[in-house]
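Dumped run-v9.cif below, it's mmCIF, C-alpha atoms:
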```
data_structure
loop_
_atom_site.label_atom_id
_atom_site.label_comp_id
_atom_site.auth_asym_id
_atom_site.auth_seq_id
_atom_site.Cartn_x
_atom_site.Cartn_y
_atom_site.Cartn_z
CA MET F 284 -141.02 -149.04 -8.02
CA ARG F 285 -138.62 -151.33 -6.22
CA LYS F 286 -136.08 -149.92 -3.80
CA GLN F 287 -133.16 -151.20 -5.90
CA GLU F 288 -134.51 -149.42 -8.99
CA LEU F 289 -135.05 -146.21 -7.02
CA THR F 290 -131.47 -146.37 -5.79
CA ARG F 291 -130.23 -146.79 -9.35
CA VAL F 292 -132.36 -143.88 -10.60
CA ARG F 293 -131.24 -141.66 -7.71
CA ALA F 294 -127.57 -142.39 -8.46
CA ALA F 295 -128.08 -141.63 -12.15
CA LEU F 296 -129.89 -138.37 -11.37
CA GLU F 297 -127.25 -137.29 -8.86
CA GLY F 298 -124.49 -138.07 -11.36
CA GLN F 299 -126.25 -136.08 -14.07
CA LEU F 300 -126.79 -133.20 -11.65
CA ALA F 301 -123.10 -133.11 -10.71
CA GLU F 302 -122.12 -133.15 -14.39
CA LEU F 303 -124.46 -130.28 -15.25
CA LEU F 304 -123.22 -128.20 -12.34
CA GLY F 305 -119.65 -128.85 -13.50
CA HIS F 306 -120.53 -127.59 -16.99
CA GLY F 307 -121.76 -124.34 -15.48
CA ILE F 308 -118.58 -123.82 -13.50
CA GLU F 309 -116.46 -124.53 -16.59
CA THR F 310 -118.44 -122.02 -18.64
CA VAL F 311 -117.99 -119.31 -16.02
CA HIS F 312 -114.22 -119.92 -15.89
CA GLU F 313 -113.94 -119.90 -19.68
CA MET F 314 -115.87 -116.66 -20.01
CA ALA F 315 -113.93 -114.99 -17.21
CA GLY F 316 -110.64 -116.02 -18.81
CA GLN F 317 -111.55 -114.62 -22.22
CA GLY F 318 -112.98 -111.32 -21.05
CA GLY F 319 -109.78 -109.32 -20.74
CA GLU F 320 -108.22 -109.82 -24.15
CA GLU F 321 -109.33 -107.61 -27.02
CA LEU F 322 -109.46 -109.12 -30.46
CA PRO F 323 -108.63 -106.66 -33.23
CA ASP F 324 -110.25 -108.72 -35.98
CA PRO F 325 -114.05 -108.25 -36.21
CA ASN F 326 -114.46 -111.82 -37.43
CA ASP F 327 -112.67 -113.17 -34.36
CA ARG F 328 -114.84 -111.01 -32.09
CA ALA F 329 -117.98 -112.24 -33.86
CA SER F 330 -116.86 -115.86 -33.52
CA ARG F 331 -116.22 -115.35 -29.81
CA GLU F 332 -119.65 -113.78 -29.32
CA THR F 333 -121.31 -116.62 -31.22
CA ASP F 334 -119.47 -119.16 -29.06
CA ARG F 335 -120.49 -117.32 -25.88
CA SER F 336 -124.09 -117.10 -26.99
CA HIS F 337 -124.15 -120.82 -27.75
CA ALA F 338 -122.57 -121.67 -24.38
CA LEU F 339 -125.09 -119.51 -22.56
CA ARG F 340 -128.01 -121.15 -24.38
CA LEU F 341 -126.67 -124.55 -23.39
CA ARG F 342 -126.28 -123.48 -19.76
CA ASP F 343 -129.84 -122.15 -19.78
CA ARG F 344 -131.08 -125.55 -20.93
CA ASP F 345 -128.92 -127.14 -18.23
CA ARG F 346 -130.45 -124.81 -15.63
CA LYS F 347 -133.94 -125.97 -16.56
CA LEU F 348 -132.87 -129.62 -16.46
CA ILE F 349 -131.20 -129.11 -13.06
CA ALA F 350 -134.52 -127.89 -11.66
CA LYS F 351 -136.29 -130.97 -13.06
CA ILE F 352 -133.64 -133.28 -11.61
CA GLU F 353 -133.97 -131.66 -8.20
CA GLU F 354 -137.75 -132.09 -8.38
CA ALA F 355 -137.34 -135.77 -9.33
CA LEU F 356 -135.00 -136.31 -6.37
CA ALA F 357 -137.57 -134.64 -4.10
CA ARG F 358 -140.26 -136.98 -5.47
CA ILE F 359 -138.03 -139.96 -4.68
CA ASP F 360 -137.63 -138.68 -1.11
CA ALA F 361 -141.38 -138.07 -0.81
CA GLY F 362 -142.24 -141.51 -2.18
CA THR F 363 -144.20 -140.14 -5.15
CA PHE F 364 -141.62 -140.90 -7.84
CA GLY F 365 -143.09 -142.89 -10.70
CA ARG F 366 -146.64 -141.56 -10.28
CA CYS F 367 -148.27 -139.46 -12.97
CA GLU F 368 -149.08 -135.90 -11.88
CA SER F 369 -152.14 -135.80 -14.08
CA CYS F 370 -153.96 -139.09 -13.57
CA GLY F 371 -152.15 -140.49 -10.54
CA GLY F 372 -151.37 -143.71 -12.40
CA ARG F 373 -148.09 -145.53 -12.54
CA ILE F 374 -145.44 -144.33 -15.02
CA SER F 375 -143.89 -147.31 -16.79
CA PRO F 376 -140.36 -148.29 -15.75
CA ALA F 377 -139.24 -148.10 -19.39
CA ARG F 378 -140.37 -144.46 -19.58
CA LEU F 379 -138.64 -143.65 -16.29
CA ARG F 380 -135.42 -145.24 -17.52
CA ALA F 381 -135.59 -143.19 -20.72
CA ARG F 382 -136.55 -139.93 -18.99
CA PRO F 383 -136.29 -140.14 -15.19
CA VAL F 384 -137.39 -136.51 -14.72
CA THR F 385 -140.77 -137.14 -16.35
CA THR F 386 -143.90 -136.33 -14.38
CA LEU F 387 -146.51 -137.70 -16.79
CA CYS F 388 -147.35 -141.20 -17.95
CA ILE F 389 -147.17 -141.77 -21.70
CA ASP F 390 -150.94 -141.44 -22.19
CA CYS F 391 -151.17 -138.12 -20.35
CA LYS F 392 -148.09 -136.83 -22.18
CA ARG F 393 -149.70 -137.68 -25.54
CA GLU F 394 -152.86 -135.85 -24.50
CA ALA F 395 -150.83 -132.81 -23.42
CA GLU F 396 -148.93 -132.75 -26.71
CA GLN F 397 -152.18 -133.01 -28.68
CA ARG F 398 -153.63 -130.06 -26.73
CA GLU F 399 -150.47 -128.04 -27.46
CA ARG F 400 -150.80 -128.70 -31.19
CA ALA F 401 -154.45 -127.64 -31.29
#
```
Please, can you express the file's structure as structure tokens?
Amino acid sequence: MRKQELTRVRAALEGQLAELLGHGIETVHEMAGQGGEELPDPNDRASRETDRSHALRLRDRDRKLIAKIEEALARIDAGTFGRCESCGGRISPARLRARPVTTLCIDCKREAEQRERA
């Protein structure tokens, strides 16, 4: 992958990482701000709990994506970004643009998905 493309991918990954970390901070502040007030209506309490549960599920997904982004940035630093972990082949630039945290080429990913289904 060309240096200019790597720079573009790195900037996109770093921007996405900063955004995800910001979401986590916002969620913590929102939950801390709501904790002290008691809601007398059971429906309001249930709605709040549902909202909290949803926010926590989203942050859990973000946490997993943050780890993948950090791994992709490490691969850029190591010079292995864009290489398939399975076969060692080149991952297509189109696939990397669509999903820069990917570690498998499209053929190996298809094989992995087929094994999961079986």
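For the atom pair formed by CA of Leu356 (chain F) and CA of Arg293 (chain F), the distance is 6.7 Å, given to one decimal.
By chain and then residue number, the residues within 12 Å of Ala338 (chain F) are His306, Gly307, Ile308, Glu309, Thr310, Val311, Glu313, Met314, Arg331, Glu332, Arg344 and Asp345 of chain F, counting all atoms listed in the file and disregarding those fewer than 6 positions away in sequence.
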Go through F:Arg380, F:Lys347, F:Arg400, F:Lys392 one by one, measure the shortest atom-to-atom distance of each to Leu304 (chain F) using only C-alpha atoms, and give the residue with the smallest value.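 The shortest atom-to-atom distance to Leu304 (chain F) comes from F:Lys347.
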Near-Asp390 (chain F) list (12 Å; only C-alpha atoms; drop same-chain fewer than 5 positions) as a CSV table (one decimal) with C-alpha atoms, in the frame of the given file:
```csv
chain,number,residue,atom,x,y,z
F,367,CYS,CA,-148.3,-139.5,-13.0
F,368,GLU,CA,-149.1,-135.9,-11.9
F,369,SER,CA,-152.1,-135.8,-14.1
F,370,CYS,CA,-154.0,-139.1,-13.6
F,371,GLY,CA,-152.2,-140.5,-10.5
F,372,GLY,CA,-151.4,-143.7,-12.4
F,373,ARG,CA,-148.1,-145.5,-12.5
F,374,ILE,CA,-145.4,-144.3,-15.0
F,375,SER,CA,-143.9,-147.3,-16.8
F,378,ARG,CA,-140.4,-144.5,-19.6
F,395,ALA,CA,-150.8,-132.8,-23.4
F,396,GLU,CA,-148.9,-132.8,-26.7
F,397,GLN,CA,-152.2,-133.0,-28.7
```
Kindly provide, as a list in words, the polymer residues lying within 10 Å of (-128.4, -134.5, -12.3), counting all atoms listed in the file and using the coordinates exactly as they appear in the file. Arg293, Ala294, Ala295, Leu296, Glu297, Gly298, Gln299, Leu300, Ala301, Glu302, Leu303, Leu304, Asp345, Leu348, Ile349, Ala350, Lys351, Ile352, Glu353, Ala355, Leu356 and Val384 of chain F
Just the number, please: distance in Å from CA of Leu387 (chain F) to CA of Gly365 (chain F), one decimal. 8.7 Å
Picked residues, the PyMOL selection byres ((chain F and resi 376) around 12), expected as a list of chain:residue names: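 Checking the PyMOL selection byres ((chain F and resi 376) around 12) against this file, the residues are F:Met284, F:Arg285, F:Glu288, F:Leu289, F:Val292, F:Phe364, F:Gly365, F:Arg366, F:Arg373, F:Ile374, F:Ser375, F:Ala377, F:Arg378, F:Leu379, F:Arg380, F:Ala381, F:Arg382, F:Pro383, F:Thr385, F:Cys388, F:Ile389.
For the pair CA of Thr333 (chain F) and CA of Ala315 (chain F), the interatomic distance is 15.9 Å.
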Can you sort out region 319-340 of chain F so it carries N, CA, C and O atoms, written as a PDB file, in the frame of the given file?
```pdb
ATOM      1  N   GLY F 319    -110.745-110.401 -20.751  1.00  0.00           N
ATOM      2  CA  GLY F 319    -109.780-109.320 -20.740  1.00  0.00           C
ATOM      3  C   GLY F 319    -109.096-109.063 -22.062  1.00  0.00           C
ATOM      4  O   GLY F 319    -108.656-107.951 -22.331  1.00  0.00           O
ATOM      5  N   GLU F 320    -108.981-110.022 -22.917  1.00  0.00           N
ATOM      6  CA  GLU F 320    -108.220-109.820 -24.150  1.00  0.00           C
ATOM      7  C   GLU F 320    -109.113-109.270 -25.258  1.00  0.00           C
ATOM      8  O   GLU F 320    -110.211-109.742 -25.500  1.00  0.00           O
ATOM      9  N   GLU F 321    -108.619-108.231 -25.896  1.00  0.00           N
ATOM     10  CA  GLU F 321    -109.330-107.610 -27.020  1.00  0.00           C
ATOM     11  C   GLU F 321    -108.865-108.239 -28.307  1.00  0.00           C
ATOM     12  O   GLU F 321    -107.667-108.425 -28.515  1.00  0.00           O
ATOM     13  N   LEU F 322    -109.788-108.569 -29.157  1.00  0.00           N
ATOM     14  CA  LEU F 322    -109.460-109.120 -30.460  1.00  0.00           C
ATOM     15  C   LEU F 322    -109.621-108.029 -31.513  1.00  0.00           C
ATOM     16  O   LEU F 322    -110.707-107.458 -31.662  1.00  0.00           O
ATOM     17  N   PRO F 323    -108.547-107.733 -32.245  1.00  0.00           N
ATOM     18  CA  PRO F 323    -108.630-106.660 -33.230  1.00  0.00           C
ATOM     19  C   PRO F 323    -109.468-107.030 -34.457  1.00  0.00           C
ATOM     20  O   PRO F 323    -110.065-106.158 -35.085  1.00  0.00           O
ATOM     21  N   ASP F 324    -109.529-108.293 -34.786  1.00  0.00           N
ATOM     22  CA  ASP F 324    -110.250-108.720 -35.980  1.00  0.00           C
ATOM     23  C   ASP F 324    -111.743-108.846 -35.693  1.00  0.00           C
ATOM     24  O   ASP F 324    -112.147-109.575 -34.781  1.00  0.00           O
ATOM     25  N   PRO F 325    -112.595-108.166 -36.437  1.00  0.00           N
ATOM     26  CA  PRO F 325    -114.050-108.250 -36.210  1.00  0.00           C
ATOM     27  C   PRO F 325    -114.595-109.665 -36.369  1.00  0.00           C
ATOM     28  O   PRO F 325    -115.535-110.036 -35.678  1.00  0.00           O
ATOM     29  N   ASN F 326    -114.006-110.437 -37.262  1.00  0.00           N
ATOM     30  CA  ASN F 326    -114.460-111.820 -37.430  1.00  0.00           C
ATOM     31  C   ASN F 326    -114.176-112.663 -36.202  1.00  0.00           C
ATOM     32  O   ASN F 326    -114.993-113.506 -35.807  1.00  0.00           O
ATOM     33  N   ASP F 327    -113.011-112.454 -35.589  1.00  0.00           N
ATOM     34  CA  ASP F 327    -112.670-113.170 -34.360  1.00  0.00           C
ATOM     35  C   ASP F 327    -113.613-112.779 -33.222  1.00  0.00           C
ATOM     36  O   ASP F 327    -114.058-113.625 -32.445  1.00  0.00           O
ATOM     37  N   ARG F 328    -113.910-111.468 -33.129  1.00  0.00           N
ATOM     38  CA  ARG F 328    -114.840-111.010 -32.090  1.00  0.00           C
ATOM     39  C   ARG F 328    -116.226-111.621 -32.303  1.00  0.00           C
ATOM     40  O   ARG F 328    -116.882-112.055 -31.361  1.00  0.00           O
ATOM     41  N   ALA F 329    -116.671-111.668 -33.562  1.00  0.00           N
ATOM     42  CA  ALA F 329    -117.980-112.240 -33.860  1.00  0.00           C
ATOM     43  C   ALA F 329    -118.014-113.730 -33.533  1.00  0.00           C
ATOM     44  O   ALA F 329    -119.006-114.231 -32.992  1.00  0.00           O
ATOM     45  N   SER F 330    -116.923-114.425 -33.839  1.00  0.00           N
ATOM     46  CA  SER F 330    -116.860-115.860 -33.520  1.00  0.00           C
ATOM     47  C   SER F 330    -116.928-116.082 -32.018  1.00  0.00           C
ATOM     48  O   SER F 330    -117.619-116.984 -31.538  1.00  0.00           O
ATOM     49  N   ARG F 331    -116.203-115.222 -31.271  1.00  0.00           N
ATOM     50  CA  ARG F 331    -116.220-115.350 -29.810  1.00  0.00           C
ATOM     51  C   ARG F 331    -117.629-115.107 -29.268  1.00  0.00           C
ATOM     52  O   ARG F 331    -118.113-115.835 -28.401  1.00  0.00           O
ATOM     53  N   GLU F 332    -118.296-114.083 -29.778  1.00  0.00           N
ATOM     54  CA  GLU F 332    -119.650-113.780 -29.320  1.00  0.00           C
ATOM     55  C   GLU F 332    -120.624-114.915 -29.659  1.00  0.00           C
ATOM     56  O   GLU F 332    -121.492-115.254 -28.863  1.00  0.00           O
ATOM     57  N   THR F 333    -120.463-115.483 -30.830  1.00  0.00           N
ATOM     58  CA  THR F 333    -121.310-116.620 -31.220  1.00  0.00           C
ATOM     59  C   THR F 333    -121.065-117.802 -30.277  1.00  0.00           C
ATOM     60  O   THR F 333    -122.013-118.448 -29.822  1.00  0.00           O
ATOM     61  N   ASP F 334    -119.803-118.068 -29.972  1.00  0.00           N
ATOM     62  CA  ASP F 334    -119.470-119.160 -29.060  1.00  0.00           C
ATOM     63  C   ASP F 334    -120.042-118.904 -27.665  1.00  0.00           C
ATOM     64  O   ASP F 334    -120.591-119.810 -27.028  1.00  0.00           O
ATOM     65  N   ARG F 335    -119.937-117.671 -27.196  1.00  0.00           N
ATOM     66  CA  ARG F 335    -120.490-117.320 -25.880  1.00  0.00           C
ATOM     67  C   ARG F 335    -122.005-117.479 -25.852  1.00  0.00           C
ATOM     68  O   ARG F 335    -122.573-118.004 -24.903  1.00  0.00           O
ATOM     69  N   SER F 336    -122.634-117.005 -26.895  1.00  0.00           N
ATOM     70  CA  SER F 336    -124.090-117.100 -26.990  1.00  0.00           C
ATOM     71  C   SER F 336    -124.534-118.570 -26.963  1.00  0.00           C
ATOM     72  O   SER F 336    -125.487-118.929 -26.267  1.00  0.00           O
ATOM     73  N   HIS F 337    -123.825-119.387 -27.717  1.00  0.00           N
ATOM     74  CA  HIS F 337    -124.150-120.820 -27.750  1.00  0.00           C
ATOM     75  C   HIS F 337    -123.949-121.449 -26.371  1.00  0.00           C
ATOM     76  O   HIS F 337    -124.799-122.212 -25.895  1.00  0.00           O
ATOM     77  N   ALA F 338    -122.838-121.122 -25.724  1.00  0.00           N
ATOM     78  CA  ALA F 338    -122.570-121.670 -24.380  1.00  0.00           C
ATOM     79  C   ALA F 338    -123.637-121.240 -23.390  1.00  0.00           C
ATOM     80  O   ALA F 338    -124.092-122.043 -22.573  1.00  0.00           O
ATOM     81  N   LEU F 339    -124.063-119.984 -23.480  1.00  0.00           N
ATOM     82  CA  LEU F 339    -125.090-119.510 -22.560  1.00  0.00           C
ATOM     83  C   LEU F 339    -126.446-120.173 -22.815  1.00  0.00           C
ATOM     84  O   LEU F 339    -127.185-120.468 -21.875  1.00  0.00           O
ATOM     85  N   ARG F 340    -126.765-120.421 -24.077  1.00  0.00           N
ATOM     86  CA  ARG F 340    -128.010-121.150 -24.380  1.00  0.00           C
ATOM     87  C   ARG F 340    -127.970-122.561 -23.810  1.00  0.00           C
ATOM     88  O   ARG F 340    -128.965-123.047 -23.250  1.00  0.00           O
TER      89      ARG F 340
END
```
